[in-house]
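A.B. asks: Coordinates in query.pdb, PDB, C-alpha atoms and all ligand atoms, are listed below.
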ATOM      1  CA  MET I  25     -31.749  91.921 140.648  1.00  0.00           C
ATOM      2  CA  GLN I  26     -29.584  94.871 141.649  1.00  0.00           C
ATOM      3  CA  SER I  27     -28.704  95.533 137.990  1.00  0.00           C
ATOM      4  CA  SER I  28     -32.316  96.154 136.992  1.00  0.00           C
ATOM      5  CA  LEU I  29     -33.052  98.562 139.840  1.00  0.00           C
ATOM      6  CA  GLY I  30     -34.341 101.941 138.683  1.00  0.00           C
ATOM      7  CA  TRP I  31     -34.883 105.204 140.518  1.00  0.00           C
ATOM      8  CA  ARG I  32     -37.226 108.038 139.670  1.00  0.00           C
ATOM      9  CA  LEU I  33     -39.677 110.576 141.031  1.00  0.00           C
ATOM     10  CA  ALA I  34     -43.210 109.268 141.383  1.00  0.00           C
ATOM     11  CA  ASN I  35     -45.985 110.859 139.378  1.00  0.00           C
ATOM     12  CA  PRO I  36     -49.794 110.772 139.710  1.00  0.00           C
ATOM     13  CA  SER I  37     -50.063 107.727 137.427  1.00  0.00           C
ATOM     14  CA  ASP I  38     -48.146 105.737 140.092  1.00  0.00           C
ATOM     15  CA  LEU I  39     -50.971 106.230 142.603  1.00  0.00           C
ATOM     16  CA  PRO I  40     -52.582 102.736 142.299  1.00  0.00           C
ATOM     17  CA  ALA I  41     -49.250 100.894 142.624  1.00  0.00           C
ATOM     18  CA  ILE I  42     -48.121 103.000 145.584  1.00  0.00           C
ATOM     19  CA  VAL I  43     -51.458 102.650 147.391  1.00  0.00           C
ATOM     20  CA  ALA I  44     -51.387  98.858 146.837  1.00  0.00           C
ATOM     21  CA  LEU I  45     -47.867  98.582 148.244  1.00  0.00           C
ATOM     22  CA  ASP I  46     -48.787 100.761 151.225  1.00  0.00           C
ATOM     23  CA  GLN I  47     -51.898  98.632 151.929  1.00  0.00           C
ATOM     24  CA  ALA I  48     -49.795  95.462 151.828  1.00  0.00           C
ATOM     25  CA  ILE I  49     -47.377  96.859 154.430  1.00  0.00           C
ATOM     26  CA  PHE I  50     -48.965  99.382 156.806  1.00  0.00           C
ATOM     27  CA  ARG I  51     -51.780  99.144 159.366  1.00  0.00           C
ATOM     28  CA  PRO I  52     -53.413 101.557 158.955  1.00  0.00           C
ATOM     29  CA  PRO I  53     -52.419 102.457 155.394  1.00  0.00           C
ATOM     30  CA  TRP I  54     -52.555 105.972 154.048  1.00  0.00           C
ATOM     31  CA  SER I  55     -55.688 106.732 152.085  1.00  0.00           C
ATOM     32  CA  ALA I  56     -55.537 107.193 148.314  1.00  0.00           C
ATOM     33  CA  THR I  57     -56.358 110.855 148.976  1.00  0.00           C
ATOM     34  CA  SER I  58     -53.331 111.275 151.247  1.00  0.00           C
ATOM     35  CA  TRP I  59     -51.088 109.679 148.625  1.00  0.00           C
ATOM     36  CA  SER I  60     -52.603 111.764 145.889  1.00  0.00           C
ATOM     37  CA  ASP I  61     -51.904 114.949 147.867  1.00  0.00           C
ATOM     38  CA  GLN I  62     -48.358 113.790 148.524  1.00  0.00           C
ATOM     39  CA  LEU I  63     -47.731 113.113 144.839  1.00  0.00           C
ATOM     40  CA  LEU I  64     -49.073 116.500 143.845  1.00  0.00           C
ATOM     41  CA  ARG I  65     -47.617 118.693 146.572  1.00  0.00           C
ATOM     42  CA  GLN I  66     -44.359 117.220 147.832  1.00  0.00           C
ATOM     43  CA  ALA I  67     -41.713 114.726 146.713  1.00  0.00           C
ATOM     44  CA  THR I  68     -41.940 110.966 146.374  1.00  0.00           C
ATOM     45  CA  GLN I  69     -39.106 108.877 145.010  1.00  0.00           C
ATOM     46  CA  VAL I  70     -39.571 105.277 143.910  1.00  0.00           C
ATOM     47  CA  ALA I  71     -37.306 102.325 143.290  1.00  0.00           C
ATOM     48  CA  THR I  72     -38.359 100.042 140.446  1.00  0.00           C
ATOM     49  CA  VAL I  73     -37.493  96.606 139.141  1.00  0.00           C
ATOM     50  CA  ALA I  74     -38.574  96.067 135.554  1.00  0.00           C
ATOM     51  CA  GLU I  75     -40.847  99.102 135.961  1.00  0.00           C
ATOM     52  CA  ARG I  76     -42.596  97.598 139.006  1.00  0.00           C
ATOM     53  CA  ILE I  77     -42.476  99.842 142.079  1.00  0.00           C
ATOM     54  CA  VAL I  78     -40.653  98.010 144.882  1.00  0.00           C
ATOM     55  CA  GLY I  79     -39.698 100.922 147.129  1.00  0.00           C
ATOM     56  CA  VAL I  80     -41.168 104.301 147.995  1.00  0.00           C
ATOM     57  CA  ILE I  81     -40.122 107.262 150.101  1.00  0.00           C
ATOM     58  CA  ALA I  82     -42.282 110.323 150.723  1.00  0.00           C
ATOM     59  CA  VAL I  83     -40.807 113.558 152.026  1.00  0.00           C
ATOM     60  CA  SER I  84     -41.956 117.110 152.606  1.00  0.00           C
ATOM     61  CA  GLU I  85     -40.241 120.403 153.242  1.00  0.00           C
ATOM     62  CA  LEU I  86     -41.667 123.574 154.746  1.00  0.00           C
ATOM     63  CA  HIS I  87     -39.827 126.634 156.032  1.00  0.00           C
ATOM     64  CA  GLY I  88     -36.486 124.869 156.227  1.00  0.00           C
ATOM     65  CA  THR I  89     -37.667 121.740 158.011  1.00  0.00           C
ATOM     66  CA  ALA I  90     -37.985 118.504 156.124  1.00  0.00           C
ATOM     67  CA  ASP I  91     -39.954 115.443 157.205  1.00  0.00           C
ATOM     68  CA  LEU I  92     -39.547 111.855 156.115  1.00  0.00           C
ATOM     69  CA  LEU I  93     -43.211 110.912 156.019  1.00  0.00           C
ATOM     70  CA  ARG I  94     -43.204 107.373 154.701  1.00  0.00           C
ATOM     71  CA  ILE I  95     -40.768 104.719 153.561  1.00  0.00           C
ATOM     72  CA  MET I  96     -41.562 101.189 152.453  1.00  0.00           C
ATOM     73  CA  VAL I  97     -39.939  98.402 150.508  1.00  0.00           C
ATOM     74  CA  ASP I  98     -41.715  95.387 149.060  1.00  0.00           C
ATOM     75  CA  ARG I  99     -41.101  92.316 151.264  1.00  0.00           C
ATOM     76  CA  ASP I 100     -39.363  90.407 148.458  1.00  0.00           C
ATOM     77  CA  SER I 101     -36.930  93.239 147.830  1.00  0.00           C
ATOM     78  CA  ARG I 102     -35.701  93.926 151.354  1.00  0.00           C
ATOM     79  CA  ARG I 103     -32.121  93.906 152.633  1.00  0.00           C
ATOM     80  CA  ARG I 104     -30.728  94.957 149.295  1.00  0.00           C
ATOM     81  CA  GLY I 105     -29.970  98.543 150.239  1.00  0.00           C
ATOM     82  CA  ILE I 106     -33.072 100.011 148.571  1.00  0.00           C
ATOM     83  CA  ALA I 107     -34.370 101.864 151.629  1.00  0.00           C
ATOM     84  CA  ARG I 108     -30.944 103.199 152.437  1.00  0.00           C
ATOM     85  CA  GLN I 109     -30.615 104.654 148.962  1.00  0.00           C
ATOM     86  CA  LEU I 110     -34.078 106.179 149.243  1.00  0.00           C
ATOM     87  CA  VAL I 111     -33.169 107.779 152.589  1.00  0.00           C
ATOM     88  CA  ASP I 112     -29.982 109.167 151.097  1.00  0.00           C
ATOM     89  CA  TRP I 113     -31.977 110.586 148.198  1.00  0.00           C
ATOM     90  CA  ALA I 114     -34.429 112.203 150.656  1.00  0.00           C
ATOM     91  CA  GLY I 115     -31.567 113.860 152.530  1.00  0.00           C
ATOM     92  CA  GLY I 116     -30.201 115.240 149.266  1.00  0.00           C
ATOM     93  CA  TRP I 117     -33.620 116.468 148.159  1.00  0.00           C
ATOM     94  CA  ALA I 118     -34.262 118.211 151.492  1.00  0.00           C
ATOM     95  CA  SER I 119     -30.809 119.732 151.549  1.00  0.00           C
ATOM     96  CA  GLN I 120     -31.278 121.161 148.064  1.00  0.00           C
ATOM     97  CA  ARG I 121     -34.502 122.756 149.297  1.00  0.00           C
ATOM     98  CA  GLY I 122     -32.543 124.524 152.044  1.00  0.00           C
ATOM     99  CA  ALA I 123     -33.526 122.290 154.956  1.00  0.00           C
ATOM    100  CA  ASN I 124     -30.849 121.799 157.591  1.00  0.00           C
ATOM    101  CA  GLN I 125     -32.437 118.741 159.137  1.00  0.00           C
ATOM    102  CA  LEU I 126     -34.584 115.812 158.166  1.00  0.00           C
ATOM    103  CA  LEU I 127     -37.034 114.674 160.849  1.00  0.00           C
ATOM    104  CA  LEU I 128     -38.981 111.452 161.233  1.00  0.00           C
ATOM    105  CA  GLU I 129     -41.085 109.505 163.680  1.00  0.00           C
ATOM    106  CA  VAL I 130     -40.672 105.790 164.196  1.00  0.00           C
ATOM    107  CA  SER I 131     -42.415 103.346 166.488  1.00  0.00           C
ATOM    108  CA  GLN I 132     -40.395 102.220 169.485  1.00  0.00           C
ATOM    109  CA  HIS I 133     -41.186  98.657 168.341  1.00  0.00           C
ATOM    110  CA  ASN I 134     -40.030  99.043 164.724  1.00  0.00           C
ATOM    111  CA  GLU I 135     -36.498  97.734 165.068  1.00  0.00           C
ATOM    112  CA  SER I 136     -35.743  97.273 161.374  1.00  0.00           C
ATOM    113  CA  ALA I 137     -36.653 100.876 160.590  1.00  0.00           C
ATOM    114  CA  GLN I 138     -34.618 102.101 163.559  1.00  0.00           C
ATOM    115  CA  ALA I 139     -31.622 100.101 162.300  1.00  0.00           C
ATOM    116  CA  LEU I 140     -32.065 101.660 158.880  1.00  0.00           C
ATOM    117  CA  TYR I 141     -32.229 105.198 160.255  1.00  0.00           C
ATOM    118  CA  ARG I 142     -29.265 104.589 162.541  1.00  0.00           C
ATOM    119  CA  SER I 143     -27.234 103.363 159.582  1.00  0.00           C
ATOM    120  CA  ALA I 144     -28.089 106.570 157.742  1.00  0.00           C
ATOM    121  CA  GLY I 145     -26.863 108.768 160.616  1.00  0.00           C
ATOM    122  CA  PHE I 146     -30.122 109.777 162.301  1.00  0.00           C
ATOM    123  CA  GLN I 147     -29.908 110.731 165.995  1.00  0.00           C
ATOM    124  CA  PRO I 148     -32.650 110.501 168.638  1.00  0.00           C
ATOM    125  CA  LEU I 149     -34.275 113.862 169.368  1.00  0.00           C
ATOM    126  CA  SER I 150     -37.322 113.204 171.532  1.00  0.00           C
ATOM    127  CA  ARG I 151     -40.097 110.754 172.321  1.00  0.00           C
ATOM    128  CA  ARG I 152     -43.871 111.151 171.960  1.00  0.00           C
ATOM    129  CA  ARG I 153     -45.379 108.896 174.560  1.00  0.00           C
ATOM    130  CA  ASP I 154     -48.281 106.663 173.448  1.00  0.00           C
ATOM    131  CA  TYR I 155     -48.273 108.426 170.078  1.00  0.00           C
ATOM    132  CA  TYR I 156     -49.349 105.418 168.012  1.00  0.00           C
ATOM    133  CA  ALA I 157     -51.228 103.538 170.740  1.00  0.00           C
ATOM    134  CA  LEU I 158     -51.057 102.995 174.465  1.00  0.00           C
ATOM    135  CA  GLY I 159     -47.555 101.615 175.070  1.00  0.00           C
ATOM    136  CA  ASP I 160     -46.358 102.462 171.567  1.00  0.00           C
ATOM    137  CA  ASP I 161     -44.283 105.626 171.673  1.00  0.00           C
ATOM    138  CA  ALA I 162     -43.041 107.519 168.646  1.00  0.00           C
ATOM    139  CA  LEU I 163     -39.326 108.148 168.640  1.00  0.00           C
ATOM    140  CA  VAL I 164     -38.464 111.436 166.926  1.00  0.00           C
ATOM    141  CA  TRP I 165     -35.129 111.263 165.164  1.00  0.00           C
ATOM    142  CA  SER I 166     -33.254 113.831 163.141  1.00  0.00           C
ATOM    143  CA  LEU I 167     -30.528 113.872 160.542  1.00  0.00           C
ATOM    144  CA  ALA I 168     -28.338 116.961 160.206  1.00  0.00           C
ATOM    145  CA  LEU I 169     -28.118 117.970 156.553  1.00  0.00           C
ATOM    146  CA  PRO I 170     -25.448 119.852 154.642  1.00  0.00           C
ATOM    147  CA  VAL I 171     -27.218 122.922 153.316  1.00  0.00           C
ATOM    148  CA  GLY I 172     -26.814 123.969 149.686  1.00  0.00           C
ATOM    149  CA  PRO I 173     -24.727 122.956 146.702  1.00  0.00           C
ATOM    150  CA  GLN I 174     -22.647 120.239 148.330  1.00  0.00           C
ATOM    151  CA  SER I 175     -25.678 117.969 148.229  1.00  0.00           C
ATOM    152  CA  SER I 176     -25.321 115.235 145.609  1.00  0.00           C
ATOM    153  CA  VAL I 177     -28.965 115.010 144.517  1.00  0.00           C
ATOM    154  CA  ASP I 178     -29.664 115.708 140.853  1.00  0.00           C
ATOM    155  CA  PRO I 179     -31.407 119.109 140.733  1.00  0.00           C
ATOM    156  CA  VAL I 180     -33.085 118.194 137.448  1.00  0.00           C
ATOM    157  CA  ASN I 181     -34.934 115.483 139.305  1.00  0.00           C
ATOM    158  CA  LEU I 182     -36.311 117.788 141.960  1.00  0.00           C
ATOM    159  CA  SER I 183     -39.661 118.640 140.419  1.00  0.00           C
ATOM    160  CA  SER I 184     -42.004 118.358 143.323  1.00  0.00           C
ATOM    161  CA  GLN I 185     -44.889 116.848 143.415  1.00  0.00           C
ATOM    162  CA  GLU I 186     -48.207 114.632 154.311  1.00  0.00           C
ATOM    163  CA  VAL I 187     -48.875 112.507 157.759  1.00  0.00           C
ATOM    164  CA  PRO I 188     -46.115 110.878 159.824  1.00  0.00           C
ATOM    165  CA  CYS I 189     -44.708 107.382 159.669  1.00  0.00           C
ATOM    166  CA  PRO I 190     -47.128 105.126 161.552  1.00  0.00           C
ATOM    167  CA  SER I 191     -46.700 102.104 163.665  1.00  0.00           C
ATOM    168  CA  LEU I 192     -47.088  98.767 161.876  1.00  0.00           C
TER     169      LEU I 192
HETATM  170  C1  LIG I 201     -37.615  99.379 157.120  1.00  0.00           C
HETATM  171  C2  LIG I 201     -37.516  99.061 155.612  1.00  0.00           C
HETATM  172  C3  LIG I 201     -37.978 100.278 154.814  1.00  0.00           C
HETATM  173  C4  LIG I 201     -36.055  98.718 155.258  1.00  0.00           C
HETATM  174  O1  LIG I 201     -35.980  98.503 153.855  1.00  0.00           O
HETATM  175  P1  LIG I 201     -34.748  97.699 153.196  1.00  0.00           P
HETATM  176  O2  LIG I 201     -34.692  98.082 151.774  1.00  0.00           O
HETATM  177  O3  LIG I 201     -34.866  96.256 153.519  1.00  0.00           O
HETATM  178  O4  LIG I 201     -33.494  98.320 153.978  1.00  0.00           O
HETATM  179  P2  LIG I 201     -31.982  98.326 153.464  1.00  0.00           P
HETATM  180  O5  LIG I 201     -31.710  97.053 152.738  1.00  0.00           O
HETATM  181  O6  LIG I 201     -31.717  99.577 152.753  1.00  0.00           O
HETATM  182  O7  LIG I 201     -31.195  98.292 154.840  1.00  0.00           O
HETATM  183  C5  LIG I 201     -30.219  99.284 155.169  1.00  0.00           C
HETATM  184  C6  LIG I 201     -29.732  98.998 156.576  1.00  0.00           C
HETATM  185  O8  LIG I 201     -30.806  99.157 157.521  1.00  0.00           O
HETATM  186  C7  LIG I 201     -30.704  98.144 158.539  1.00  0.00           C
HETATM  187  N1  LIG I 201     -31.845  97.201 158.416  1.00  0.00           N
HETATM  188  C8  LIG I 201     -32.808  97.204 157.484  1.00  0.00           C
HETATM  189  N2  LIG I 201     -33.709  96.216 157.714  1.00  0.00           N
HETATM  190  C9  LIG I 201     -33.289  95.579 158.823  1.00  0.00           C
HETATM  191  C10 LIG I 201     -33.777  94.466 159.568  1.00  0.00           C
HETATM  192  N3  LIG I 201     -34.917  93.812 159.225  1.00  0.00           N
HETATM  193  N4  LIG I 201     -33.100  94.060 160.660  1.00  0.00           N
HETATM  194  C11 LIG I 201     -31.959  94.702 161.050  1.00  0.00           C
HETATM  195  N5  LIG I 201     -31.428  95.772 160.364  1.00  0.00           N
HETATM  196  C12 LIG I 201     -32.090  96.193 159.284  1.00  0.00           C
HETATM  197  C13 LIG I 201     -29.391  97.420 158.277  1.00  0.00           C
HETATM  198  O9  LIG I 201     -28.377  98.147 158.939  1.00  0.00           O
HETATM  199  C14 LIG I 201     -29.247  97.576 156.772  1.00  0.00           C
HETATM  200  O10 LIG I 201     -27.924  97.476 156.304  1.00  0.00           O
HETATM  201  P3  LIG I 201     -27.324  95.990 156.006  1.00  0.00           P
HETATM  202  O11 LIG I 201     -28.316  95.259 155.172  1.00  0.00           O
HETATM  203  O12 LIG I 201     -26.049  96.306 155.283  1.00  0.00           O
HETATM  204  O13 LIG I 201     -27.117  95.326 157.345  1.00  0.00           O
HETATM  205  C15 LIG I 201     -38.397  97.811 155.231  1.00  0.00           C
HETATM  206  O14 LIG I 201     -38.107  96.761 156.138  1.00  0.00           O
HETATM  207  C16 LIG I 201     -39.886  98.103 155.260  1.00  0.00           C
HETATM  208  O15 LIG I 201     -40.465  98.493 154.256  1.00  0.00           O
HETATM  209  N6  LIG I 201     -40.522  97.903 156.437  1.00  0.00           N
HETATM  210  C17 LIG I 201     -41.966  98.143 156.549  1.00  0.00           C
HETATM  211  C18 LIG I 201     -42.289  99.622 156.487  1.00  0.00           C
HETATM  212  C19 LIG I 201     -41.623 100.392 157.618  1.00  0.00           C
HETATM  213  O16 LIG I 201     -41.432  99.900 158.755  1.00  0.00           O
HETATM  214  N7  LIG I 201     -41.283 101.655 157.298  1.00  0.00           N
HETATM  215  C20 LIG I 201     -40.709 102.549 158.263  1.00  0.00           C
HETATM  216  C21 LIG I 201     -41.801 103.190 159.108  1.00  0.00           C
HETATM  217  S1  LIG I 201     -41.115 104.470 160.162  1.00  0.00           S
END
Would you give me this structure, written as structure tokens?
Ligand SMILES: CC(C)(COP(=O)(O)OP(=O)(O)OC[C@H]1O[C@@H](n2cnc3c(N)ncnc32)[C@H](O)[C@@H]1OP(=O)(O)O)[C@@H](O)C(=O)NCCC(=O)NCCS
C.D. replies:
Amino acid sequence: MQSSLGWRLANPSDLPAIVALDQAIFRPPWSATSWSDQLLRQATQVATVAERIVGVIAVSELHGTADLLRIMVDRDSRRRGIARQLVDWAGGWASQRGANQLLLEVSQHNESAQALYRSAGFQPLSRRRDYYALGDDALVWSLALPVGPQSSVDPVNLSSQEVPCPSL
């Protein structure tokens, strides 16, 4: 399967597939309107297998601060390094935009996502108590980014196209 993996920026025609994947994974899912705004205004990278979207990451950047807003991988495609590559892409994208850190929020109960972020070099920054629900804190983590040309992301692929990562 690895050989047929593809990577590209999402575009508005991907909206139905991305919304369907989000609805299969998140409670609550993002609305189609939120995804549509994201696709138009910020950056969303997808991983594909035979043109089917199996992984998605949504990021934003404003005034030098970048946020990882959403990441998801289809259940049948997990533990193949897809999310890690998407996170690395997001760091490169944000760095190229001049951001010096990439921020995210993750549920204290979401151990797989925390393991992913740890593996990518994120460090704990703060905690938002009861952010998702009573007894479900958001952990705020950050990744320091190299600013400028040393980033490896392909600038040609930066054409751009919000809402934090929820609890599941
Ligand atoms: C979290 C998620 C995006 C990971 O996607 P993935 O493609 O399976 O992750 P990767 O294969 O790139 O994993 C990279 C590393 O993260 C860690 N990791 C990922 N999933 C893990 C799990 N279930 N248990 C333990 N570690 C895990 C491991 O260190 C892994 O490296 P390894 O496989 O070499 O051990 C996926 O499980 C998912 O979509 N979950 C539901 C949505 C979600 O929780 N999003 C995050 C909200 S903040």
A.B. asks: Give me the residues within 8 Å of Trp165 (chain I) as a list in words, counting all atoms listed in the file and dropping any in the same chain fewer than 2 places off.
C.D. replies: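 Neighbouring residues, sequence-local ones excluded: Leu127, Leu128, Glu129, Val130, Phe146, Gln147, Pro148, Leu149, Ser150, Leu163 and Leu167 of chain I.
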A.B. asks: Report as AutoDock Vina command-line options the centre and the edge lengths, in Å to one decimal, of the axis-aligned box holding every listed atom of region 118-126 of chain I, padded by 4 Å on each side.
C.D. replies:
--center_x -32.7 --center_y 120.2 --center_z 153.6 --size_x 11.8 --size_y 16.7 --size_z 19.1
A.B. asks: Mind listing whatever residues come within 9 Å of the point (-33.7, 119.2, 155.0)? Use all atoms listed in the file, file coordinates, and give them as a ChimeraX atom specification.
C.D. replies: /I:84-85,88-91,114-127,167-171
A.B. asks: Which residues match the PyMOL selection byres (((not hetatm)) within 7 of (chain I and resi 201)) in the file above, as a PyMOL selection string?
C.D. replies: chain I and resi 49-50+94-99+101-109+129-131+134-137+139-141+143+189-192
A.B. asks: Counting all atoms listed in the file, figure out which residue out of I:His133, I:Gln138, I:Trp31, I:Gly79 gets nearest to Gly159 (chain I).
C.D. replies: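 Going through I:His133, I:Gln138, I:Trp31, I:Gly79 one by one, the smallest distance to Gly159 (chain I) is for I:His133.
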A.B. asks: Which one of I:Leu64, I:Gly30, I:Trp59, I:Gln132 sits closest to Arg153 (chain I) if you count only C-alpha atoms?
C.D. replies: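 Of I:Leu64, I:Gly30, I:Trp59, I:Gln132, the one nearest Arg153 (chain I), counting only C-alpha atoms, is I:Gln132.
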A.B. asks: Please reconstruct the missing atoms of region 31-62 of chain I (target: N, CA and C atoms) and return them as a short mmCIF file (atom, residue, chain, number, x, y, z; two decimals), in the frame of the given file.
C.D. replies:
data_model
loop_
_atom_site.label_atom_id
_atom_site.label_comp_id
_atom_site.auth_asym_id
_atom_site.auth_seq_id
_atom_site.Cartn_x
_atom_site.Cartn_y
_atom_site.Cartn_z
N TRP I 31 -34.54 104.16 139.54
CA TRP I 31 -34.88 105.20 140.52
C TRP I 31 -35.50 106.37 139.78
N ARG I 32 -36.62 106.87 140.29
CA ARG I 32 -37.23 108.04 139.67
C ARG I 32 -38.22 108.68 140.62
N LEU I 33 -38.60 109.93 140.28
CA LEU I 33 -39.68 110.58 141.03
C LEU I 33 -41.00 109.92 140.67
N ALA I 34 -41.86 109.79 141.65
CA ALA I 34 -43.21 109.27 141.38
C ALA I 34 -44.04 110.35 140.71
N ASN I 35 -45.04 109.91 139.96
CA ASN I 35 -45.98 110.86 139.38
C ASN I 35 -47.41 110.35 139.63
N PRO I 36 -48.42 111.16 139.36
CA PRO I 36 -49.79 110.77 139.71
C PRO I 36 -50.23 109.43 139.13
N SER I 37 -49.65 109.02 138.00
CA SER I 37 -50.06 107.73 137.43
C SER I 37 -49.57 106.54 138.26
N ASP I 38 -48.64 106.80 139.20
CA ASP I 38 -48.15 105.74 140.09
C ASP I 38 -49.08 105.50 141.28
N LEU I 39 -50.11 106.30 141.41
CA LEU I 39 -50.97 106.23 142.60
C LEU I 39 -51.47 104.81 142.91
N PRO I 40 -52.06 104.07 141.95
CA PRO I 40 -52.58 102.74 142.30
C PRO I 40 -51.50 101.80 142.83
N ALA I 41 -50.32 101.80 142.20
CA ALA I 41 -49.25 100.89 142.62
C ALA I 41 -48.73 101.27 144.01
N ILE I 42 -48.63 102.56 144.28
CA ILE I 42 -48.12 103.00 145.58
C ILE I 42 -49.15 102.69 146.68
N VAL I 43 -50.40 102.94 146.40
CA VAL I 43 -51.46 102.65 147.39
C VAL I 43 -51.50 101.14 147.68
N ALA I 44 -51.36 100.32 146.64
CA ALA I 44 -51.39 98.86 146.84
C ALA I 44 -50.20 98.41 147.70
N LEU I 45 -49.04 98.95 147.44
CA LEU I 45 -47.87 98.58 148.24
C LEU I 45 -48.05 99.02 149.69
N ASP I 46 -48.55 100.23 149.88
CA ASP I 46 -48.79 100.76 151.22
C ASP I 46 -49.79 99.87 151.97
N GLN I 47 -50.87 99.47 151.28
CA GLN I 47 -51.90 98.63 151.93
C GLN I 47 -51.37 97.25 152.30
N ALA I 48 -50.37 96.78 151.53
CA ALA I 48 -49.80 95.46 151.83
C ALA I 48 -48.85 95.53 153.01
N ILE I 49 -48.42 96.73 153.41
CA ILE I 49 -47.38 96.86 154.43
C ILE I 49 -47.86 97.52 155.72
N PHE I 50 -48.65 98.58 155.61
CA PHE I 50 -48.96 99.38 156.81
C PHE I 50 -50.37 99.12 157.35
N ARG I 51 -50.48 99.16 158.66
CA ARG I 51 -51.78 99.14 159.37
C ARG I 51 -51.79 100.31 160.33
N PRO I 52 -52.56 101.38 160.12
CA PRO I 52 -53.41 101.56 158.96
C PRO I 52 -52.62 102.12 157.78
N PRO I 53 -53.07 101.84 156.55
CA PRO I 53 -52.42 102.46 155.39
C PRO I 53 -52.84 103.92 155.24
N TRP I 54 -52.10 104.64 154.46
CA TRP I 54 -52.56 105.97 154.05
C TRP I 54 -53.71 105.80 153.07
N SER I 55 -54.59 106.75 153.06
CA SER I 55 -55.69 106.73 152.08
C SER I 55 -55.15 107.12 150.71
N ALA I 56 -55.91 106.78 149.67
CA ALA I 56 -55.54 107.19 148.31
C ALA I 56 -55.49 108.71 148.24
N THR I 57 -56.35 109.39 148.99
CA THR I 57 -56.36 110.86 148.98
C THR I 57 -55.06 111.41 149.55
N SER I 58 -54.60 110.81 150.65
CA SER I 58 -53.33 111.28 151.25
C SER I 58 -52.18 111.09 150.27
N TRP I 59 -52.16 109.92 149.61
CA TRP I 59 -51.09 109.68 148.62
C TRP I 59 -51.20 110.62 147.44
N SER I 60 -52.41 110.86 147.02
CA SER I 60 -52.60 111.76 145.89
C SER I 60 -52.09 113.16 146.22
N ASP I 61 -52.41 113.63 147.42
CA ASP I 61 -51.90 114.95 147.87
C ASP I 61 -50.38 114.96 147.90
N GLN I 62 -49.82 113.87 148.44
CA GLN I 62 -48.36 113.79 148.52
C GLN I 62 -47.74 113.87 147.13
#
